[in-house]
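A.B. asks: Compact mmCIF, C-alpha atoms, saved as my_file20.txt, coming up:
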```txt
# COMPACT_ATOMS: atom_id res chain seq x y z
CA MET Z 1 4.28 -27.05 35.33
CA THR Z 2 0.96 -28.91 35.22
CA ALA Z 3 -0.08 -26.75 32.28
CA ILE Z 4 3.02 -27.85 30.34
CA GLY Z 5 2.26 -31.47 31.22
CA ALA Z 6 -1.31 -31.08 30.00
CA GLY Z 7 -0.01 -29.57 26.77
CA ILE Z 8 2.42 -32.44 26.23
CA ALA Z 9 -0.38 -34.95 26.88
CA MET Z 10 -2.36 -33.45 24.03
CA LEU Z 11 0.41 -34.43 21.58
CA ALA Z 12 -1.48 -37.72 21.32
CA ALA Z 13 -4.03 -35.84 19.20
CA LEU Z 14 -1.44 -35.98 16.39
CA GLY Z 15 -1.81 -39.73 16.01
CA ALA Z 16 -5.59 -39.61 16.19
CA GLY Z 17 -5.71 -36.91 13.54
CA LEU Z 18 -3.44 -38.86 11.22
CA GLY Z 19 -5.44 -42.05 11.73
CA MET Z 20 -8.79 -40.41 11.12
CA GLY Z 21 -7.45 -38.65 8.05
CA ILE Z 22 -6.16 -41.89 6.53
CA ALA Z 23 -9.43 -43.70 7.34
CA THR Z 24 -11.53 -40.94 5.79
CA GLY Z 25 -9.34 -40.85 2.69
CA LYS Z 26 -9.69 -44.57 2.20
CA ALA Z 27 -13.45 -44.33 2.73
CA ALA Z 28 -13.66 -41.62 0.06
CA GLU Z 29 -11.72 -43.89 -2.32
CA ALA Z 30 -14.06 -46.78 -1.53
CA VAL Z 31 -17.16 -44.67 -2.16
CA ALA Z 32 -15.67 -43.44 -5.45
CA ARG Z 33 -15.08 -47.05 -6.50
CA GLN Z 34 -18.46 -48.35 -5.34
CA PRO Z 35 -21.00 -45.60 -4.75
CA GLU Z 36 -23.84 -48.08 -4.07
CA ALA Z 37 -22.04 -49.37 -0.93
CA SER Z 38 -21.82 -45.91 0.66
CA GLY Z 39 -24.22 -46.78 3.50
CA LYS Z 40 -22.13 -49.68 4.74
CA ILE Z 41 -18.89 -47.72 4.26
CA ASN Z 42 -20.35 -44.85 6.28
CA ALA Z 43 -21.15 -47.11 9.24
CA ILE Z 44 -17.70 -48.68 9.19
CA LEU Z 45 -16.05 -45.27 8.85
CA LEU Z 46 -17.96 -43.89 11.85
CA LEU Z 47 -16.98 -46.90 13.97
CA GLY Z 48 -13.33 -46.65 12.90
CA CYS Z 49 -13.20 -42.93 13.49
CA ALA Z 50 -14.68 -43.42 16.96
CA LEU Z 51 -12.01 -45.99 17.78
CA ALA Z 52 -9.21 -43.83 16.34
CA GLU Z 53 -10.53 -40.81 18.17
CA SER Z 54 -10.49 -42.57 21.53
CA THR Z 55 -6.71 -42.13 21.97
CA ALA Z 56 -7.11 -38.38 21.60
CA ILE Z 57 -10.01 -38.49 24.04
CA TYR Z 58 -7.91 -40.36 26.62
CA ALA Z 59 -5.19 -37.74 26.21
CA PHE Z 60 -7.82 -35.02 26.64
CA VAL Z 61 -9.11 -36.63 29.83
CA VAL Z 62 -5.57 -36.92 31.19
CA ALA Z 63 -4.93 -33.26 30.30
CA LEU Z 64 -8.15 -32.27 32.06
CA ILE Z 65 -7.20 -34.22 35.18
CA LEU Z 66 -3.83 -32.41 35.18
CA ALA Z 67 -5.27 -28.96 34.47
CA ALA Z 68 -8.35 -29.07 36.71
CA LYS Z 69 -6.45 -28.96 39.98
CA MET W 1 -8.97 -2.55 27.03
CA VAL W 2 -11.16 -0.59 29.38
CA LYS W 3 -14.17 1.05 27.89
CA THR W 4 -15.04 4.51 29.07
CA LYS W 5 -18.59 5.46 29.85
CA THR W 6 -18.94 7.95 27.01
CA LEU W 7 -17.71 5.40 24.49
CA THR W 8 -20.34 2.93 25.69
CA ILE W 9 -23.09 5.54 25.42
CA ILE W 10 -21.94 6.52 21.91
CA GLU W 11 -21.90 2.86 20.83
CA PHE W 12 -25.33 2.29 22.34
CA ALA W 13 -26.89 5.33 20.65
CA LEU W 14 -25.18 4.70 17.30
CA SER W 15 -26.22 1.07 17.15
CA ALA W 16 -29.79 1.96 18.15
CA VAL W 17 -30.02 4.63 15.46
CA ILE W 18 -28.57 2.35 12.78
CA PHE W 19 -30.89 -0.44 13.86
CA VAL W 20 -34.01 1.73 13.65
CA LEU W 21 -32.93 3.30 10.36
CA GLY W 22 -32.14 -0.14 8.94
CA LEU W 23 -35.56 -1.46 9.96
CA ILE W 24 -37.30 1.51 8.36
CA GLY W 25 -35.15 1.10 5.24
CA CYS W 26 -35.94 -2.61 5.01
CA CYS W 27 -39.68 -1.90 5.27
CA ALA W 28 -39.48 0.90 2.68
CA LEU W 29 -37.48 -1.27 0.28
CA HIS W 30 -39.95 -4.11 0.73
CA SER W 31 -42.94 -1.91 -0.15
CA TYR W 32 -40.99 -0.38 -3.07
CA VAL W 33 -40.23 -3.86 -4.45
CA LYS W 34 -43.88 -4.83 -4.04
CA HIS W 35 -45.01 -1.88 -6.20
CA HIS W 36 -42.25 -1.55 -8.75
CA GLY W 37 -40.85 -5.06 -9.22
CA GLU W 38 -37.44 -6.40 -8.36
CA THR W 39 -34.08 -5.83 -10.02
CA LYS W 40 -30.77 -7.53 -9.35
CA LYS W 41 -29.19 -4.41 -7.92
CA LEU W 42 -32.11 -3.87 -5.56
CA LYS W 43 -31.91 -7.46 -4.33
CA LYS W 44 -28.24 -7.08 -3.48
CA ARG W 45 -28.88 -3.81 -1.69
CA SER W 46 -31.73 -5.20 0.40
CA LYS W 47 -29.50 -8.09 1.50
CA LEU W 48 -26.77 -5.63 2.49
CA LEU W 49 -29.24 -3.52 4.43
CA LEU W 50 -30.57 -6.57 6.25
CA ALA W 51 -27.05 -7.65 7.25
CA LEU W 52 -26.28 -4.14 8.51
CA THR W 53 -29.50 -4.09 10.55
CA ILE W 54 -28.73 -7.46 12.12
CA ILE W 55 -25.19 -6.38 13.07
CA ALA W 56 -26.55 -3.15 14.57
CA ALA W 57 -29.14 -5.12 16.54
CA TRP W 58 -26.39 -7.42 17.80
CA PHE W 59 -24.30 -4.44 18.97
CA PHE W 60 -27.40 -2.87 20.55
CA ILE W 61 -28.21 -6.01 22.55
CA GLY W 62 -24.56 -6.50 23.51
CA THR W 63 -24.12 -2.96 24.81
CA ALA W 64 -27.42 -3.11 26.66
CA VAL W 65 -26.50 -6.41 28.32
CA THR W 66 -22.97 -5.34 29.28
CA SER W 67 -24.19 -2.05 30.76
CA VAL W 68 -26.78 -3.81 32.91
CA TRP W 69 -24.86 -6.96 33.79
CA HIS W 70 -21.28 -6.40 34.89
CA GLY W 71 -19.79 -9.75 34.09
CA GLU W 72 -16.12 -10.41 34.55
CA SER W 73 -14.27 -9.62 31.38
CA GLY W 74 -11.40 -11.62 29.98
CA LEU W 75 -10.76 -15.30 29.58
CA LYS W 76 -11.69 -16.99 32.80
CA VAL W 77 -13.27 -20.40 32.61
CA GLU W 78 -13.66 -22.26 35.84
CA PHE W 79 -13.69 -25.93 35.24
CA GLU W 80 -14.01 -28.79 37.66
CA MET W 81 -13.63 -32.47 36.96
CA PHE W 82 -16.63 -33.34 39.12
CA SER W 83 -19.74 -31.24 39.39
CA ASP W 84 -20.96 -29.14 42.31
CA ARG W 85 -22.69 -30.84 45.19
CA VAL W 86 -26.16 -30.08 46.47
CA GLU W 87 -27.68 -30.84 49.85
CA LEU W 88 -30.90 -32.85 49.69
CA PHE W 89 -32.66 -34.44 52.69
CA GLY W 90 -29.46 -34.26 54.72
CA PHE W 91 -27.38 -36.02 52.07
CA SER W 92 -24.86 -34.54 49.69
CA PHE W 93 -25.49 -35.37 46.03
CA ALA W 94 -23.68 -34.40 42.86
CA GLN W 95 -25.72 -31.89 40.87
CA THR W 96 -25.45 -34.05 37.76
CA SER W 97 -26.93 -37.12 39.43
CA VAL W 98 -29.87 -35.10 40.75
CA LEU W 99 -30.46 -33.82 37.21
CA MET W 100 -30.21 -37.41 35.99
CA TRP W 101 -32.99 -38.47 38.37
CA VAL W 102 -35.12 -35.56 37.19
CA ILE W 103 -34.58 -36.59 33.56
CA THR W 104 -35.36 -40.22 34.39
CA GLY W 105 -38.57 -39.13 36.12
CA ILE W 106 -39.58 -37.00 33.14
CA VAL W 107 -38.92 -39.87 30.74
CA LEU W 108 -40.91 -42.30 32.91
CA VAL W 109 -43.88 -39.94 33.13
CA LEU W 110 -43.75 -39.38 29.36
CA CYS W 111 -43.65 -43.15 28.83
CA LEU W 112 -46.73 -43.61 31.04
CA ILE W 113 -48.60 -40.84 29.23
CA PHE W 114 -47.69 -42.30 25.84
CA ARG W 115 -48.68 -45.82 26.87
CA LEU W 116 -51.97 -44.92 28.56
CA PHE W 117 -53.31 -42.08 26.45
CA ILE W 118 -51.60 -41.88 23.07
CA PHE W 119 -50.81 -45.45 22.02
CA PRO W 120 -54.38 -46.84 22.41
CA ARG W 121 -55.55 -44.22 19.92
CA PHE W 122 -53.11 -45.42 17.26
CA ASP W 123 -54.60 -47.21 14.30
CA PRO W 124 -52.40 -50.18 13.30
CA ASP W 125 -53.81 -50.26 9.76
CA LYS W 126 -53.62 -46.57 8.88
CA PRO W 127 -50.62 -44.90 10.55
CA LYS W 128 -50.50 -41.12 10.35
CA GLY W 129 -48.68 -38.17 11.88
CA PHE W 130 -46.98 -38.89 15.17
CA GLN W 131 -47.49 -42.63 14.83
CA ASN W 132 -45.34 -42.63 11.69
CA ILE W 133 -42.44 -41.06 13.55
CA MET W 134 -42.68 -43.54 16.41
CA GLU W 135 -42.90 -46.52 14.07
CA LEU W 136 -39.94 -45.25 12.07
CA ALA W 137 -37.77 -44.86 15.19
CA VAL W 138 -38.71 -48.23 16.67
CA GLU W 139 -38.33 -50.05 13.37
CA ALA W 140 -34.94 -48.47 12.68
CA THR W 141 -33.64 -49.47 16.12
CA GLU W 142 -34.96 -52.99 15.74
CA ASN W 143 -33.45 -53.51 12.30
CA PHE W 144 -30.18 -52.03 13.46
CA THR W 145 -30.00 -54.30 16.51
CA LYS W 146 -31.10 -57.36 14.55
CA GLY W 147 -28.35 -56.74 12.00
CA THR W 148 -25.71 -56.80 14.72
CA VAL W 149 -26.71 -59.28 17.42
CA GLY W 150 -29.29 -61.39 15.58
CA ASP W 151 -31.51 -63.49 17.86
CA TYR W 152 -31.01 -61.45 21.01
CA SER W 153 -32.43 -58.25 19.51
CA GLY W 154 -35.80 -58.89 21.21
CA THR W 155 -34.47 -57.85 24.60
CA LEU W 156 -31.59 -55.65 23.50
CA ALA W 157 -33.42 -53.33 21.12
CA PRO W 158 -35.64 -51.70 23.81
CA TYR W 159 -32.61 -51.22 26.07
CA MET W 160 -30.60 -49.56 23.31
CA PHE W 161 -33.55 -47.35 22.35
CA SER W 162 -34.06 -46.13 25.92
CA LEU W 163 -30.30 -45.59 26.27
CA ALA W 164 -30.30 -43.43 23.14
CA VAL W 165 -33.34 -41.42 24.34
CA PHE W 166 -31.75 -40.87 27.74
CA MET W 167 -28.44 -39.73 26.27
CA ILE W 168 -30.06 -37.32 23.82
CA ILE W 169 -32.23 -35.74 26.54
CA CYS W 170 -29.18 -35.47 28.81
CA ALA W 171 -27.26 -33.62 26.11
CA ALA W 172 -30.24 -31.37 25.42
CA SER W 173 -30.39 -30.37 29.10
CA GLU W 174 -27.24 -28.33 28.48
CA LEU W 175 -29.35 -25.95 26.41
CA LEU W 176 -31.24 -25.03 29.61
CA GLY W 177 -28.00 -24.04 31.32
CA PHE W 178 -27.38 -27.16 33.38
CA ARG W 179 -24.26 -29.24 33.37
CA PRO W 180 -25.36 -32.32 31.42
CA PRO W 181 -25.28 -35.61 33.38
CA THR W 182 -23.28 -37.30 30.59
CA SER W 183 -20.42 -34.85 31.24
CA ASP W 184 -19.84 -36.49 34.63
CA LEU W 185 -17.41 -39.40 34.67
CA ILE W 186 -19.49 -41.26 37.27
CA VAL W 187 -22.65 -41.32 35.13
CA THR W 188 -20.81 -42.42 31.99
CA LEU W 189 -18.90 -45.07 33.95
CA ALA W 190 -22.21 -46.44 35.21
CA MET W 191 -23.43 -46.69 31.62
CA GLY W 192 -20.18 -48.41 30.61
CA LEU W 193 -20.55 -50.90 33.47
CA MET W 194 -24.09 -51.71 32.32
CA THR W 195 -22.66 -52.57 28.90
CA PHE W 196 -19.98 -54.68 30.61
CA ALA W 197 -22.65 -56.58 32.56
CA LEU W 198 -24.66 -57.13 29.37
CA ILE W 199 -21.60 -58.43 27.51
CA ASN W 200 -20.91 -61.01 30.20
CA TYR W 201 -24.60 -61.88 30.67
CA TYR W 202 -25.14 -62.65 26.99
CA GLY W 203 -21.75 -64.38 26.69
CA ILE W 204 -22.56 -66.71 29.57
CA ARG W 205 -26.16 -67.23 28.41
CA LYS W 206 -24.98 -68.27 24.97
CA LYS W 207 -22.00 -70.45 25.90
CA GLY W 208 -22.21 -71.20 29.62
CA ILE W 209 -19.59 -70.15 32.17
CA GLY W 210 -17.03 -72.71 30.94
CA GLY W 211 -17.54 -71.75 27.33
CA ARG W 212 -17.20 -68.04 28.13
CA ILE W 213 -13.86 -68.63 29.87
CA LYS W 214 -12.75 -70.92 27.06
CA SER W 215 -13.59 -68.31 24.47
CA LEU W 216 -11.25 -65.88 26.24
CA ALA W 217 -8.36 -68.30 25.57
CA LYS W 218 -9.40 -68.92 21.99
CA PRO W 219 -6.32 -68.73 19.75
CA THR W 220 -3.74 -69.73 22.39
CA PRO W 221 -3.94 -69.89 26.20
CA VAL W 222 -1.04 -67.41 26.36
CA ILE W 223 -3.38 -64.61 25.29
CA PHE W 224 -5.76 -65.18 28.25
CA PRO W 225 -4.51 -62.36 30.55
CA MET W 226 -4.49 -59.88 27.67
CA LYS W 227 -8.06 -60.81 26.76
CA ILE W 228 -9.13 -60.28 30.38
CA LEU W 229 -7.44 -56.89 30.33
CA SER W 230 -9.07 -55.84 27.08
CA ASP W 231 -12.46 -56.95 28.41
CA VAL W 232 -12.02 -54.85 31.53
CA ALA W 233 -10.90 -51.91 29.38
CA VAL W 234 -14.22 -51.89 27.50
CA PRO W 235 -16.34 -50.04 30.12
CA VAL W 236 -13.46 -47.67 30.90
CA SER W 237 -12.97 -46.78 27.25
CA LEU W 238 -16.72 -46.33 26.66
CA ALA W 239 -17.02 -44.11 29.74
CA CYS W 240 -13.94 -42.01 28.93
CA ARG W 241 -15.00 -41.55 25.31
CA LEU W 242 -18.45 -40.25 26.17
CA PHE W 243 -17.19 -38.15 29.08
CA GLY W 244 -14.36 -36.59 27.06
CA ASN W 245 -16.57 -35.73 24.12
CA MET W 246 -19.35 -34.24 26.22
CA ILE W 247 -17.07 -32.19 28.45
CA GLY W 248 -15.03 -31.06 25.44
CA GLY W 249 -18.15 -29.62 23.84
CA MET W 250 -19.15 -28.02 27.14
CA ILE W 251 -15.74 -26.39 27.59
CA VAL W 252 -15.76 -25.01 24.04
CA MET W 253 -19.20 -23.49 24.63
CA GLU W 254 -18.09 -22.02 27.98
CA LEU W 255 -15.00 -20.51 26.32
CA LEU W 256 -17.13 -18.99 23.59
CA LYS W 257 -19.50 -17.48 26.12
CA SER W 258 -16.70 -16.08 28.26
CA VAL W 259 -14.94 -14.55 25.24
CA LEU W 260 -18.07 -12.85 23.98
CA GLY W 261 -19.28 -11.75 27.41
CA GLY W 262 -22.38 -9.59 27.06
CA TYR W 263 -22.20 -9.77 23.28
CA ALA W 264 -23.05 -13.48 23.31
CA ALA W 265 -26.40 -12.96 21.58
CA GLY W 266 -27.08 -15.40 18.77
CA ILE W 267 -23.54 -16.61 18.09
CA PRO W 268 -23.45 -19.44 20.70
CA ALA W 269 -26.72 -20.70 19.25
CA VAL W 270 -25.01 -21.39 15.92
CA ALA W 271 -22.04 -23.11 17.59
CA GLY W 272 -24.45 -24.99 19.88
CA LEU W 273 -26.10 -26.51 16.84
CA TYR W 274 -22.91 -28.50 16.36
CA PHE W 275 -21.69 -28.95 19.94
CA ASN W 276 -25.04 -29.52 21.66
CA LEU W 277 -27.03 -31.26 18.94
CA PHE W 278 -24.98 -32.94 16.22
CA HIS W 279 -22.08 -34.06 18.38
CA PRO W 280 -24.23 -35.78 21.08
CA LEU W 281 -26.20 -37.53 18.33
CA ILE W 282 -22.98 -38.93 16.83
CA GLN W 283 -21.77 -39.95 20.29
CA THR W 284 -25.07 -41.68 21.06
CA TYR W 285 -24.81 -43.61 17.80
CA ILE W 286 -21.22 -44.60 18.58
CA PHE W 287 -22.03 -45.69 22.14
CA VAL W 288 -24.91 -47.86 20.96
CA ILE W 289 -23.03 -49.39 18.02
CA LEU W 290 -19.94 -50.11 20.14
CA SER W 291 -22.04 -51.78 22.86
CA LEU W 292 -23.75 -53.93 20.24
CA THR W 293 -20.43 -54.81 18.60
CA PHE W 294 -18.90 -55.93 21.90
CA ILE W 295 -21.99 -57.99 22.76
CA ASN W 296 -21.86 -59.57 19.32
CA GLU W 297 -18.20 -60.41 19.89
CA ALA W 298 -19.10 -62.19 23.14
CA ILE W 299 -21.90 -64.32 21.64
CA GLU W 300 -20.10 -65.26 18.45
```
Turn the structure described in the file into structure tokens.
C.D. replies:
Amino acid sequence: MTAIGAGIAMLAALGAGLGMGIATGKAAEAVARQPEASGKINAILLLGCALAESTAIYAFVVALILAAK
Amino acid sequence: MVKTKTLTIIEFALSAVIFVLGLIGCCALHSYVKHHGETKKLKKRSKLLLALTIIAAWFFIGTAVTSVWHGESGLKVEFEMFSDRVELFGFSFAQTSVLMWVITGIVLVLCLIFRLFIFPRFDPDKPKGFQNIMELAVEATENFTKGTVGDYSGTLAPYMFSLAVFMIICAASELLGFRPPTSDLIVTLAMGLMTFALINYYGIRKKGIGGRIKSLAKPTPVIFPMKILSDVAVPVSLACRLFGNMIGGMIVMELLKSVLGGYAAGIPAVAGLYFNLFHPLIQTYIFVILSLTFINEAIE
């Protein structure tokens, strides 16, 4: 049963994937519009991706706590 | 699938023969090209021969390793949330924290050596070689910190630089077969708490205790408990992010090794380039930039 619970917990990765995909798409648009600002856009994109990724990481930690018993 | 002994011997002999033949062929082709010039067809063939030789060598090493070392076959990864414990001087320590002390000691000794023997020989007017690298790293960190927190970069830049060095060396210790200290929740939580202390220290230093509390109730006083909660969540989120990323990479590498078994020659090195080198670098960058952003938020 804990394995099923860990699997369900990882459903949160869906939201993180969607969020990171949208952020990266917008960043690509921004670079296409203004290629000279790519350095700043890169830094913002990395920060945003890290924040969006954190939900998936929390889910992963919860899944690990469930599965590592 | 259980391999019989004869099958193993046949595989061993076949791969050895192909490997030797491929080596001889590569050498012969090389000398032929040297004397007679190169054509497109010959180039393609030599590439094919090289690939075949490498695959044969991989099979040769794999069979040799599996016949000598009887590892357990199949998918079996043992994973524990907290690392093994070791007995030292009558106390029980986590293996990761002992490794962390060793890394700290190594870094301290390296710092002393650099300061006493290498830095005095640097020429401030004509930088060259190693001095260029050091100046580049220090300057980049300083500019980066100054761009985020402004006036406080004088004390924060060295801290962030040493944090980055420590995290990168911790991640690199996985290449030696240890469990890296950053894949232990306790170590990452300690680092998150240091950031938490720094946030509050700089917030209070800039605004005073009253100002710091007032800034938590900035838009409306109703938001005060939520702001407290989000402040407390900062070290937890930093710790969980680093821990999850590091242990995720470690688990993927362990899975790869257990799948390949004795044939794990060369392939984990390619995957490790991403999971043990690139990924920790990104995580270090994110940890540093998030710490600086939160500190900047407190002093604004």
A.B. asks: Taking only C-alpha atoms into account, report as number ranges by chain which residues of chain Z lie within 6 Å of chain W.
C.D. replies: Z: 54, 57, 61, 68
A.B. asks: So that I can check the surroundings of W:Pro181, please list as a ChimeraX atom specification every protein, DNA and RNA residue that reaches within 8 Å of it, counting all atoms listed in the file and ignoring chain neighbours fewer than 3 positions away.
C.D. replies: /W:96-97,99-100,170-171,184,187
A.B. asks: Could you dump the residues just selected with C-alpha atoms as an mmCIF file, keeping the file's coordinate frame?
C.D. replies:
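out.cif, freshly written:
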```cif
data_model
loop_
_atom_site.group_PDB
_atom_site.id
_atom_site.type_symbol
_atom_site.label_atom_id
_atom_site.label_comp_id
_atom_site.auth_asym_id
_atom_site.auth_seq_id
_atom_site.Cartn_x
_atom_site.Cartn_y
_atom_site.Cartn_z
ATOM 1 C CA THR W 96 -25.450 -34.050 37.760
ATOM 2 C CA SER W 97 -26.930 -37.120 39.430
ATOM 3 C CA LEU W 99 -30.460 -33.820 37.210
ATOM 4 C CA MET W 100 -30.210 -37.410 35.990
ATOM 5 C CA CYS W 170 -29.180 -35.470 28.810
ATOM 6 C CA ALA W 171 -27.260 -33.620 26.110
ATOM 7 C CA ASP W 184 -19.840 -36.490 34.630
ATOM 8 C CA VAL W 187 -22.650 -41.320 35.130
#
```
A.B. asks: With a distance cut-off of 10 Å and all atoms listed in the file, select the neighbouring residues of stretch 143-150 of chain W, excluding the residue or stretch itself and same-chain residues fewer than 5 positions from it, and output the selection as a list in words.
C.D. replies: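 Listing them by chain and then by number gives Val138, Thr155, Leu156, Ala157, Pro158, Met160, Phe161, Val288, Ile289, Leu292, Thr293, Phe294, Ile295, Asn296, Glu297, Ala298, Ile299 and Glu300 of chain W.
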A.B. asks: Residues around (0.3, -28.7, 32.4), cut-off 12 Å, counting all atoms listed in the file - what are they as a PyMOL selection string?
C.D. replies: chain Z and resi 1-10+60+62-69
A.B. asks: Calculate how many Å separate atom CA of Z:Ala52 from atom CA of W:Gly203, rounding to one decimal.
C.D. replies: 26.2 Å
A.B. asks: Have a look at atom CA of W:Arg45 and atom CA of W:Ser31 and let me know their distance in Å, one decimal.
C.D. replies: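 These atoms are spaced 14.3 Å apart.
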A.B. asks: What does the distance from atom CA of W:Ser15 to atom CA of W:Ile61 come to in Å, to one decimal?
C.D. replies: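 Interatomic distance here is 9.1 Å.
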A.B. asks: Give me the residues near stretch 22-39 of chain Z as a compact mmCIF listing (two decimals) with C-alpha atoms, in the coordinates of the input, where near means some atom within 8 Å (using all atoms listed in the file) and where sequence neighbours in that chain fewer than 6 positions away do not count.
C.D. replies:
```
# COMPACT_ATOMS: atom_id res chain seq x y z
CA LEU Z 45 -16.05 -45.27 8.85
CA GLY Z 48 -13.33 -46.65 12.90
CA CYS Z 49 -13.20 -42.93 13.49
```
A.B. asks: List the spatial neighbours of W:Ile213 as a list of chain:residue names - criterion: any atom at most 9 Å away, all atoms listed in the file, same-chain residues fewer than 5 positions off excluded.
C.D. replies: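 Result of the neighbour search: W:Ile204, W:Gly208, W:Phe224.
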A.B. asks: So for stretch 232-236 of chain W, what box centre and size do we get, axis-aligned, 5 Å extra on each of the six sides, every listed atom, Å to one decimal, as JSON?
C.D. replies:
```
{"center_x": -13.6, "center_y": -51.3, "center_z": 29.5, "size_x": 15.4, "size_y": 17.2, "size_z": 14.0}
```
A.B. asks: Show which residues sit within 8 Å of stretch 54-59 of chain W, as number ranges by chain. Count only C-alpha atoms, and ignore same-chain residues fewer than 4 positions away.
C.D. replies: W: 11-12, 15-16, 18-19, 50, 63, 263, 265
A.B. asks: Generate the coordinates of N, CA and C atoms for stretch 23-41 of chain Z; report them as a JSON list (two decimals), keeping the file's coordinate frame.
C.D. replies:
```json
[["chain", "number", "residue", "atom", "x", "y", "z"],
["Z", 23, "ALA", "N", -8.19, -42.92, 7.44],
["Z", 23, "ALA", "CA", -9.43, -43.70, 7.34],
["Z", 23, "ALA", "C", -10.42, -43.00, 6.44],
["Z", 24, "THR", "N", -10.56, -41.67, 6.60],
["Z", 24, "THR", "CA", -11.53, -40.94, 5.79],
["Z", 24, "THR", "C", -11.13, -40.94, 4.32],
["Z", 25, "GLY", "N", -9.81, -40.82, 4.07],
["Z", 25, "GLY", "CA", -9.34, -40.85, 2.69],
["Z", 25, "GLY", "C", -9.66, -42.17, 2.01],
["Z", 26, "LYS", "N", -9.41, -43.25, 2.75],
["Z", 26, "LYS", "CA", -9.69, -44.57, 2.20],
["Z", 26, "LYS", "C", -11.19, -44.75, 1.96],
["Z", 27, "ALA", "N", -11.99, -44.21, 2.89],
["Z", 27, "ALA", "CA", -13.45, -44.33, 2.73],
["Z", 27, "ALA", "C", -13.90, -43.57, 1.49],
["Z", 28, "ALA", "N", -13.30, -42.39, 1.26],
["Z", 28, "ALA", "CA", -13.66, -41.62, 0.06],
["Z", 28, "ALA", "C", -13.30, -42.40, -1.19],
["Z", 29, "GLU", "N", -12.12, -43.05, -1.19],
["Z", 29, "GLU", "CA", -11.72, -43.89, -2.32],
["Z", 29, "GLU", "C", -12.73, -45.01, -2.54],
["Z", 30, "ALA", "N", -13.13, -45.65, -1.43],
["Z", 30, "ALA", "CA", -14.06, -46.78, -1.53],
["Z", 30, "ALA", "C", -15.39, -46.34, -2.09],
["Z", 31, "VAL", "N", -15.87, -45.16, -1.66],
["Z", 31, "VAL", "CA", -17.16, -44.67, -2.16],
["Z", 31, "VAL", "C", -17.03, -44.33, -3.65],
["Z", 32, "ALA", "N", -15.86, -43.78, -4.04],
["Z", 32, "ALA", "CA", -15.67, -43.44, -5.45],
["Z", 32, "ALA", "C", -15.67, -44.71, -6.30],
["Z", 33, "ARG", "N", -15.14, -45.80, -5.75],
["Z", 33, "ARG", "CA", -15.08, -47.05, -6.50],
["Z", 33, "ARG", "C", -16.45, -47.71, -6.55],
["Z", 34, "GLN", "N", -17.16, -47.66, -5.42],
["Z", 34, "GLN", "CA", -18.46, -48.35, -5.34],
["Z", 34, "GLN", "C", -19.48, -47.46, -4.65],
["Z", 35, "PRO", "N", -20.09, -46.56, -5.40],
["Z", 35, "PRO", "CA", -21.00, -45.60, -4.75],
["Z", 35, "PRO", "C", -22.22, -46.27, -4.13],
["Z", 36, "GLU", "N", -22.62, -47.46, -4.62],
["Z", 36, "GLU", "CA", -23.84, -48.08, -4.07],
["Z", 36, "GLU", "C", -23.61, -48.65, -2.68],
["Z", 37, "ALA", "N", -22.34, -48.82, -2.25],
["Z", 37, "ALA", "CA", -22.04, -49.37, -0.93],
["Z", 37, "ALA", "C", -21.77, -48.27, 0.09],
["Z", 38, "SER", "N", -22.20, -47.03, -0.20],
["Z", 38, "SER", "CA", -21.82, -45.91, 0.66],
["Z", 38, "SER", "C", -22.42, -46.02, 2.05],
["Z", 39, "GLY", "N", -23.61, -46.65, 2.18],
["Z", 39, "GLY", "CA", -24.22, -46.78, 3.50],
["Z", 39, "GLY", "C", -23.38, -47.63, 4.43],
["Z", 40, "LYS", "N", -22.95, -48.78, 3.92],
["Z", 40, "LYS", "CA", -22.13, -49.68, 4.74],
["Z", 40, "LYS", "C", -20.80, -49.03, 5.07],
["Z", 41, "ILE", "N", -20.20, -48.37, 4.05],
["Z", 41, "ILE", "CA", -18.89, -47.72, 4.26],
["Z", 41, "ILE", "C", -19.01, -46.64, 5.32]]
```
